[in-house]
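K.L.:
Just so it is clear, I am handing over entry35.cif, which has mmCIF, C-alpha atoms.
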```cif
data_upload
#
loop_
_atom_site.group_PDB
_atom_site.id
_atom_site.type_symbol
_atom_site.label_atom_id
_atom_site.label_comp_id
_atom_site.auth_asym_id
_atom_site.auth_seq_id
_atom_site.Cartn_x
_atom_site.Cartn_y
_atom_site.Cartn_z
ATOM 1 C CA MET X 182 -12.075 -9.124 31.314
ATOM 2 C CA PHE X 183 -13.639 -6.009 32.813
ATOM 3 C CA ILE X 184 -12.781 -2.312 32.912
ATOM 4 C CA LEU X 185 -14.005 0.637 34.944
ATOM 5 C CA GLU X 186 -16.697 2.775 33.403
ATOM 6 C CA ASN X 187 -15.446 6.179 32.308
ATOM 7 C CA ASN X 188 -15.159 9.150 34.645
ATOM 8 C CA GLN X 189 -15.129 7.382 37.976
ATOM 9 C CA THR X 190 -12.519 6.895 40.664
ATOM 10 C CA PRO X 191 -14.105 4.716 43.338
ATOM 11 C CA GLU X 192 -12.627 4.970 46.823
ATOM 12 C CA SER X 193 -13.010 2.961 50.007
ATOM 13 C CA LEU X 194 -11.656 3.322 53.524
ATOM 14 C CA ILE X 195 -10.944 0.539 55.979
ATOM 15 C CA LYS X 196 -9.410 0.806 59.455
ATOM 16 C CA ILE X 197 -7.391 -2.001 60.996
ATOM 17 C CA SER X 198 -5.608 -1.696 64.364
ATOM 18 C CA GLY X 199 -5.420 2.078 64.059
ATOM 19 C CA SER X 200 -4.082 2.106 60.499
ATOM 20 C CA LYS X 201 -6.185 3.593 57.722
ATOM 21 C CA PHE X 202 -6.142 2.010 54.268
ATOM 22 C CA ILE X 203 -7.648 4.092 51.460
ATOM 23 C CA GLY X 204 -8.282 2.064 48.311
ATOM 24 C CA GLN X 205 -8.768 3.675 44.910
ATOM 25 C CA VAL X 206 -9.045 2.360 41.371
ATOM 26 C CA PHE X 207 -8.250 4.397 38.267
ATOM 27 C CA LYS X 208 -8.989 3.606 34.642
ATOM 28 C CA ILE X 209 -5.782 3.811 32.592
ATOM 29 C CA VAL X 210 -4.890 3.022 29.004
ATOM 30 C CA ALA X 211 -1.097 3.403 29.130
ATOM 31 C CA GLU X 212 1.738 2.913 31.612
ATOM 32 C CA ASN X 213 2.809 6.564 31.457
ATOM 33 C CA GLU X 214 -0.421 7.560 33.259
ATOM 34 C CA VAL X 215 0.648 5.684 36.409
ATOM 35 C CA LYS X 216 3.494 8.034 37.372
ATOM 36 C CA GLN X 217 1.265 11.094 37.047
ATOM 37 C CA ILE X 218 -1.508 9.588 39.203
ATOM 38 C CA LEU X 219 0.993 8.500 41.882
ATOM 39 C CA GLN X 220 2.505 12.002 41.988
ATOM 40 C CA GLN X 221 -0.968 13.487 42.491
ATOM 41 C CA LEU X 222 -1.688 11.022 45.297
ATOM 42 C CA LYS X 223 1.590 11.933 47.032
ATOM 43 C CA GLN X 224 0.618 15.604 46.875
ATOM 44 C CA LEU X 225 -2.877 14.874 48.223
ATOM 45 C CA HIS X 226 -1.578 12.568 50.991
ATOM 46 C CA PRO X 227 1.822 13.949 52.087
ATOM 47 C CA ALA X 228 1.508 12.337 55.546
ATOM 48 C CA ALA X 229 0.744 8.851 54.188
ATOM 49 C CA THR X 230 3.191 6.167 55.281
ATOM 50 C CA HIS X 231 2.886 4.136 52.052
ATOM 51 C CA ILE X 232 1.191 4.450 48.671
ATOM 52 C CA CYS X 233 1.219 0.923 47.307
ATOM 53 C CA PHE X 234 -0.146 0.022 43.905
ATOM 54 C CA ALA X 235 -0.558 -2.450 41.099
ATOM 55 C CA TYR X 236 -1.789 -2.097 37.558
ATOM 56 C CA GLN X 237 -2.738 -4.363 34.719
ATOM 57 C CA LEU X 238 -3.092 -3.441 31.054
ATOM 58 C CA ARG X 239 -4.230 -5.446 28.042
ATOM 59 C CA VAL X 240 -6.404 -8.513 27.965
ATOM 60 C CA ASP X 241 -3.497 -10.957 27.983
ATOM 61 C CA GLY X 242 -2.264 -9.518 31.288
ATOM 62 C CA LEU X 243 1.294 -9.220 29.986
ATOM 63 C CA THR X 244 1.637 -5.599 31.024
ATOM 64 C CA TYR X 245 1.498 -5.279 34.790
ATOM 65 C CA ARG X 246 3.479 -4.009 37.748
ATOM 66 C CA ALA X 247 3.167 -3.986 41.522
ATOM 67 C CA SER X 248 4.881 -1.913 44.211
ATOM 68 C CA ASP X 249 5.096 -2.429 47.981
ATOM 69 C CA ASP X 250 6.379 1.156 48.498
ATOM 70 C CA GLY X 251 8.443 0.236 51.552
ATOM 71 C CA GLU X 252 6.135 -2.385 53.051
ATOM 72 C CA PRO X 253 7.732 -5.842 53.511
ATOM 73 C CA ALA X 254 8.247 -7.513 50.129
ATOM 74 C CA GLY X 255 5.145 -9.161 48.728
ATOM 75 C CA THR X 256 2.736 -7.812 51.375
ATOM 76 C CA ALA X 257 1.099 -4.963 49.433
ATOM 77 C CA GLY X 258 1.681 -4.693 45.679
ATOM 78 C CA LEU X 259 1.306 -8.395 44.949
ATOM 79 C CA PRO X 260 -1.960 -8.792 46.914
ATOM 80 C CA ILE X 261 -3.337 -5.739 45.072
ATOM 81 C CA LEU X 262 -2.293 -7.205 41.710
ATOM 82 C CA ASN X 263 -3.756 -10.591 42.612
ATOM 83 C CA VAL X 264 -7.150 -8.977 43.242
ATOM 84 C CA LEU X 265 -7.042 -7.306 39.796
ATOM 85 C CA LYS X 266 -6.135 -10.645 38.217
ATOM 86 C CA SER X 267 -8.697 -12.709 40.127
ATOM 87 C CA LYS X 268 -11.490 -10.208 39.346
ATOM 88 C CA GLN X 269 -10.276 -10.044 35.723
ATOM 89 C CA ILE X 270 -9.830 -6.265 35.759
ATOM 90 C CA THR X 271 -7.702 -4.690 33.040
ATOM 91 C CA GLN X 272 -6.822 -1.132 31.998
ATOM 92 C CA ALA X 273 -6.725 -0.310 35.724
ATOM 93 C CA LEU X 274 -4.438 1.064 38.398
ATOM 94 C CA ALA X 275 -5.356 0.091 41.970
ATOM 95 C CA THR X 276 -3.756 2.060 44.798
ATOM 96 C CA VAL X 277 -3.892 1.705 48.559
ATOM 97 C CA ILE X 278 -2.776 4.644 50.688
ATOM 98 C CA ARG X 279 -1.780 3.639 54.214
ATOM 99 C CA TYR X 280 -1.663 5.857 57.248
ATOM 100 C CA TYR X 281 0.198 3.882 59.913
ATOM 101 C CA GLY X 282 -1.702 3.583 63.190
ATOM 102 C CA GLY X 283 1.070 2.449 65.513
ATOM 103 C CA THR X 284 0.417 -1.302 65.494
ATOM 104 C CA ASN X 285 2.413 -3.708 63.350
ATOM 105 C CA LEU X 286 0.057 -6.010 61.465
ATOM 106 C CA GLY X 287 2.578 -8.685 60.489
ATOM 107 C CA VAL X 288 2.958 -10.196 57.039
ATOM 108 C CA SER X 289 -0.416 -11.960 56.875
ATOM 109 C CA GLY X 290 -2.188 -8.936 58.389
ATOM 110 C CA LEU X 291 -0.718 -6.611 55.759
ATOM 111 C CA ILE X 292 -1.591 -8.972 52.913
ATOM 112 C CA GLN X 293 -5.192 -9.171 54.131
ATOM 113 C CA ALA X 294 -5.468 -5.397 54.651
ATOM 114 C CA TYR X 295 -4.215 -4.463 51.179
ATOM 115 C CA LYS X 296 -6.316 -7.167 49.547
ATOM 116 C CA LEU X 297 -9.442 -6.089 51.436
ATOM 117 C CA ALA X 298 -8.936 -2.402 50.577
ATOM 118 C CA VAL X 299 -8.921 -3.168 46.846
ATOM 119 C CA GLU X 300 -11.807 -5.649 47.062
ATOM 120 C CA GLU X 301 -13.932 -3.085 48.930
ATOM 121 C CA THR X 302 -13.151 -0.476 46.278
ATOM 122 C CA LEU X 303 -14.046 -2.810 43.422
ATOM 123 C CA GLN X 304 -17.358 -3.658 45.113
ATOM 124 C CA ILE X 305 -18.467 -0.049 44.697
ATOM 125 C CA SER X 306 -17.049 0.254 41.172
ATOM 126 C CA ASN X 307 -19.076 0.208 37.998
ATOM 127 C CA LEU X 308 -17.409 -2.385 35.805
ATOM 128 C CA VAL X 309 -18.183 -3.131 32.180
ATOM 129 C CA LEU X 310 -17.066 -5.912 29.908
ATOM 130 C CA TYR X 311 -13.824 -5.025 28.148
ATOM 131 C CA GLN X 312 -14.041 -5.190 24.405
ATOM 132 C CA ASN X 313 -10.903 -4.467 22.492
ATOM 133 C CA LEU X 314 -12.096 -2.786 19.318
ATOM 134 C CA ARG X 315 -10.223 -2.876 16.024
ATOM 135 C CA THR X 316 -10.930 -0.660 13.052
ATOM 136 C CA ILE X 317 -10.463 -2.599 9.829
ATOM 137 C CA THR X 318 -10.110 -1.327 6.283
ATOM 138 C CA LEU X 319 -10.923 -4.194 3.941
ATOM 139 C CA THR X 320 -10.523 -4.159 0.156
ATOM 140 C CA CYS X 321 -12.036 -6.451 -2.442
ATOM 141 C CA SER X 322 -13.117 -6.466 -6.041
ATOM 142 C CA ILE X 323 -16.474 -4.769 -6.657
ATOM 143 C CA GLN X 324 -18.011 -8.137 -7.600
ATOM 144 C CA TYR X 325 -17.760 -9.302 -3.942
ATOM 145 C CA VAL X 326 -19.402 -6.243 -2.366
ATOM 146 C CA ASP X 327 -22.926 -7.671 -2.171
ATOM 147 C CA ILE X 328 -21.691 -10.874 -0.495
ATOM 148 C CA LEU X 329 -19.707 -8.840 2.016
ATOM 149 C CA LYS X 330 -22.585 -6.426 2.711
ATOM 150 C CA SER X 331 -24.892 -9.374 3.347
ATOM 151 C CA LYS X 332 -22.464 -10.938 5.856
ATOM 152 C CA MET X 333 -21.967 -7.596 7.610
ATOM 153 C CA SER X 334 -25.729 -7.053 7.895
ATOM 154 C CA LYS X 335 -26.273 -10.512 9.392
ATOM 155 C CA LEU X 336 -23.623 -9.770 12.022
ATOM 156 C CA SER X 337 -24.976 -6.221 12.626
ATOM 157 C CA ILE X 338 -21.626 -4.630 11.811
ATOM 158 C CA PRO X 339 -21.988 -1.018 10.639
ATOM 159 C CA PHE X 340 -19.604 -0.073 7.844
ATOM 160 C CA GLN X 341 -18.559 2.689 5.477
ATOM 161 C CA LEU X 342 -18.190 1.814 1.815
ATOM 162 C CA SER X 343 -16.218 3.646 -0.846
ATOM 163 C CA PHE X 344 -14.752 2.767 -4.232
ATOM 164 C CA GLU X 345 -11.417 3.237 -5.999
ATOM 165 C CA LEU X 346 -11.409 2.148 -9.641
ATOM 166 C CA GLN X 347 -12.597 -1.480 -9.576
ATOM 167 C CA MET X 348 -11.937 -1.944 -5.847
ATOM 168 C CA ALA X 349 -14.392 -1.616 -2.980
ATOM 169 C CA ILE X 350 -13.076 -0.285 0.322
ATOM 170 C CA MET X 351 -15.039 -1.127 3.434
ATOM 171 C CA GLN X 352 -14.176 0.300 6.831
ATOM 172 C CA PHE X 353 -15.702 -1.086 10.027
ATOM 173 C CA THR X 354 -14.978 -1.700 13.704
ATOM 174 C CA VAL X 355 -15.193 -5.071 15.438
ATOM 175 C CA ASN X 356 -14.419 -6.520 18.842
ATOM 176 C CA ASP X 357 -11.935 -9.374 19.380
ATOM 177 C CA LYS X 358 -14.606 -12.057 19.065
ATOM 178 C CA LEU X 359 -15.820 -10.816 15.663
ATOM 179 C CA TYR X 360 -12.254 -10.300 14.552
ATOM 180 C CA LEU X 361 -11.456 -13.955 15.228
ATOM 181 C CA GLU X 362 -14.744 -15.398 13.975
ATOM 182 C CA PHE X 363 -15.390 -13.154 10.970
ATOM 183 C CA VAL X 364 -12.362 -11.121 9.862
ATOM 184 C CA ILE X 365 -9.645 -13.797 10.115
ATOM 185 C CA PRO X 366 -11.546 -16.390 8.035
ATOM 186 C CA LEU X 367 -12.469 -13.659 5.564
ATOM 187 C CA ILE X 368 -8.921 -12.451 4.918
ATOM 188 C CA GLN X 369 -7.706 -16.014 4.483
ATOM 189 C CA GLN X 370 -9.589 -15.884 1.185
ATOM 190 C CA PRO X 371 -7.481 -14.274 -1.555
ATOM 191 C CA GLN X 372 -10.256 -11.929 -2.750
ATOM 192 C CA PHE X 373 -10.309 -9.987 0.568
ATOM 193 C CA GLN X 374 -7.348 -8.026 1.929
ATOM 194 C CA ILE X 375 -6.735 -5.734 4.857
ATOM 195 C CA ARG X 376 -5.285 -2.390 3.939
ATOM 196 C CA SER X 377 -2.670 -1.152 6.398
#
```
Is it possible to give me this structure as structure tokens?
P.N.:
Amino acid sequence: MFILENNQTPESLIKISGSKFIGQVFKIVAENEVKQILQQLKQLHPAATHICFAYQLRVDGLTYRASDDGEPAGTAGLPILNVLKSKQITQALATVIRYYGGTNLGVSGLIQAYKLAVEETLQISNLVLYQNLRTITLTCSIQYVDILKSKMSKLSIPFQLSFELQMAIMQFTVNDKLYLEFVIPLIQQPQFQIRS
């Protein structure tokens, strides 16, 4: 999966049969950001005929939504969402602002226009690999600290180490891959525990 680099809102403009389609992509981390961005777009584009959108959050793609904003059902929001899914973009809101040009494009024409607007915008976007990071606080008996430090060094995982009585407390941050390959097998051993 990929996400937008910070502090960018790429924008593209395509014209089809007199209609203008302005594509934009926003980096988001929560659903409540969507409403605020859409309100800003409505203020910036009061004469726009439609402001259609789709967003996708989380790596598993379970949090998503699409809106046709008055266009025929399935001709705008779904094509926008399908581009996000096919390009494996997450933590993103894609919008397409349409200014109607007087010519009806038909169902297939609308689908192509909305899809193209988002694809053009993503082509000029700086995308980076999405890495879901987890901060872990691991506890173990002091006798296991050297073994753990050695494993962490081999994997190049920076950590903070502190002690409470006879317990070592190690805090570190890992991506999903390291969590699955290193942390899960580790905590399946009784001498290592995650502190909540």
K.L.:
Let me know the residues the PyMOL selection byres ((chain X and resi 185) around 8) catches in the file above, as a ChimeraX atom specification.
P.N.:
/X:183-184,186-187,189,207-208,272-273,306-309
K.L.:
Translate the PyMOL selection byres ((chain X and resi 219-231) around 12) into a concrete residue list for this structure, as a tab-separated table (two decimals) with C-alpha atoms, in the frame of the given file.
P.N.:
```
chain	number	residue	atom	x	y	z
X	200	SER	CA	-4.08	2.11	60.50
X	201	LYS	CA	-6.18	3.59	57.72
X	202	PHE	CA	-6.14	2.01	54.27
X	203	ILE	CA	-7.65	4.09	51.46
X	204	GLY	CA	-8.28	2.06	48.31
X	205	GLN	CA	-8.77	3.68	44.91
X	206	VAL	CA	-9.04	2.36	41.37
X	207	PHE	CA	-8.25	4.40	38.27
X	212	GLU	CA	1.74	2.91	31.61
X	213	ASN	CA	2.81	6.56	31.46
X	214	GLU	CA	-0.42	7.56	33.26
X	215	VAL	CA	0.65	5.68	36.41
X	216	LYS	CA	3.49	8.03	37.37
X	217	GLN	CA	1.26	11.09	37.05
X	218	ILE	CA	-1.51	9.59	39.20
X	232	ILE	CA	1.19	4.45	48.67
X	233	CYS	CA	1.22	0.92	47.31
X	234	PHE	CA	-0.15	0.02	43.90
X	235	ALA	CA	-0.56	-2.45	41.10
X	236	TYR	CA	-1.79	-2.10	37.56
X	248	SER	CA	4.88	-1.91	44.21
X	249	ASP	CA	5.10	-2.43	47.98
X	250	ASP	CA	6.38	1.16	48.50
X	251	GLY	CA	8.44	0.24	51.55
X	252	GLU	CA	6.14	-2.38	53.05
X	253	PRO	CA	7.73	-5.84	53.51
X	256	THR	CA	2.74	-7.81	51.38
X	257	ALA	CA	1.10	-4.96	49.43
X	258	GLY	CA	1.68	-4.69	45.68
X	274	LEU	CA	-4.44	1.06	38.40
X	275	ALA	CA	-5.36	0.09	41.97
X	276	THR	CA	-3.76	2.06	44.80
X	277	VAL	CA	-3.89	1.70	48.56
X	278	ILE	CA	-2.78	4.64	50.69
X	279	ARG	CA	-1.78	3.64	54.21
X	280	TYR	CA	-1.66	5.86	57.25
X	281	TYR	CA	0.20	3.88	59.91
X	282	GLY	CA	-1.70	3.58	63.19
X	283	GLY	CA	1.07	2.45	65.51
X	291	LEU	CA	-0.72	-6.61	55.76
X	295	TYR	CA	-4.22	-4.46	51.18
```
K.L.:
Tell me, as a ChimeraX atom specification, which residues lie within 6 Å of range 360-373 of chain X, counting all atoms listed in the file; anything in the same chain fewer than 2 positions away does not count.
P.N.:
/X:320-321,357-358
K.L.:
Please write the residues picked by the PyMOL selection byres ((chain X and resi 350) around 12) on this file as a list in words.
P.N.:
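Selected by the PyMOL selection byres ((chain X and resi 350) around 12) in this file: Ile317, Thr318, Leu319, Thr320, Cys321, Ser322, Ile323, Tyr325, Val326, Leu329, Lys330, Phe340, Gln341, Leu342, Ser343, Phe344, Glu345, Leu346, Gln347, Met348, Ala349, Met351, Gln352, Phe353, Phe373, Gln374, Ile375 and Arg376 of chain X.
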K.L.:
One number please: CA of Ile292 in chain X to CA of Ile197 in chain X, in Å, one decimal.
P.N.:
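Computing the Euclidean distance for CA of Ile292 in chain X and CA of Ile197 in chain X yields 12.1 Å.
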K.L.:
Take CA of Arg246 in chain X and CA of Asn356 in chain X and report the distance between them in Å, one decimal.
P.N.:
26.2 Å
K.L.:
Using all atoms listed in the file, pick whichever of X:Leu265, X:Ile305, X:Leu259, X:Leu243 has the shortest atom-to-atom distance to Pro191 in chain X.
P.N.:
X:Ile305
K.L.:
One decimal, in Å: what's the spacing between CA of Asn263 in chain X and CA of Leu297 in chain X?
P.N.:
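Computing it gives 11.4 Å between the two atoms.
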K.L.:
Check the smallest atom-to-atom distance from each of X:Thr302, X:Lys266, X:Gly287, X:Ile338 to Thr190 in chain X using only C-alpha atoms, then report the winner.
P.N.:
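Going through X:Thr302, X:Lys266, X:Gly287, X:Ile338 one by one, the smallest distance to Thr190 in chain X is for X:Thr302.
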K.L.:
Of the candidates X:Ser267, X:Gln237, X:Thr316, X:Thr244, which one gets nearest to Ser377 in chain X if we count all atoms listed in the file?
P.N.:
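Counting all atoms listed in the file, the residue closest to Ser377 in chain X is X:Thr316.
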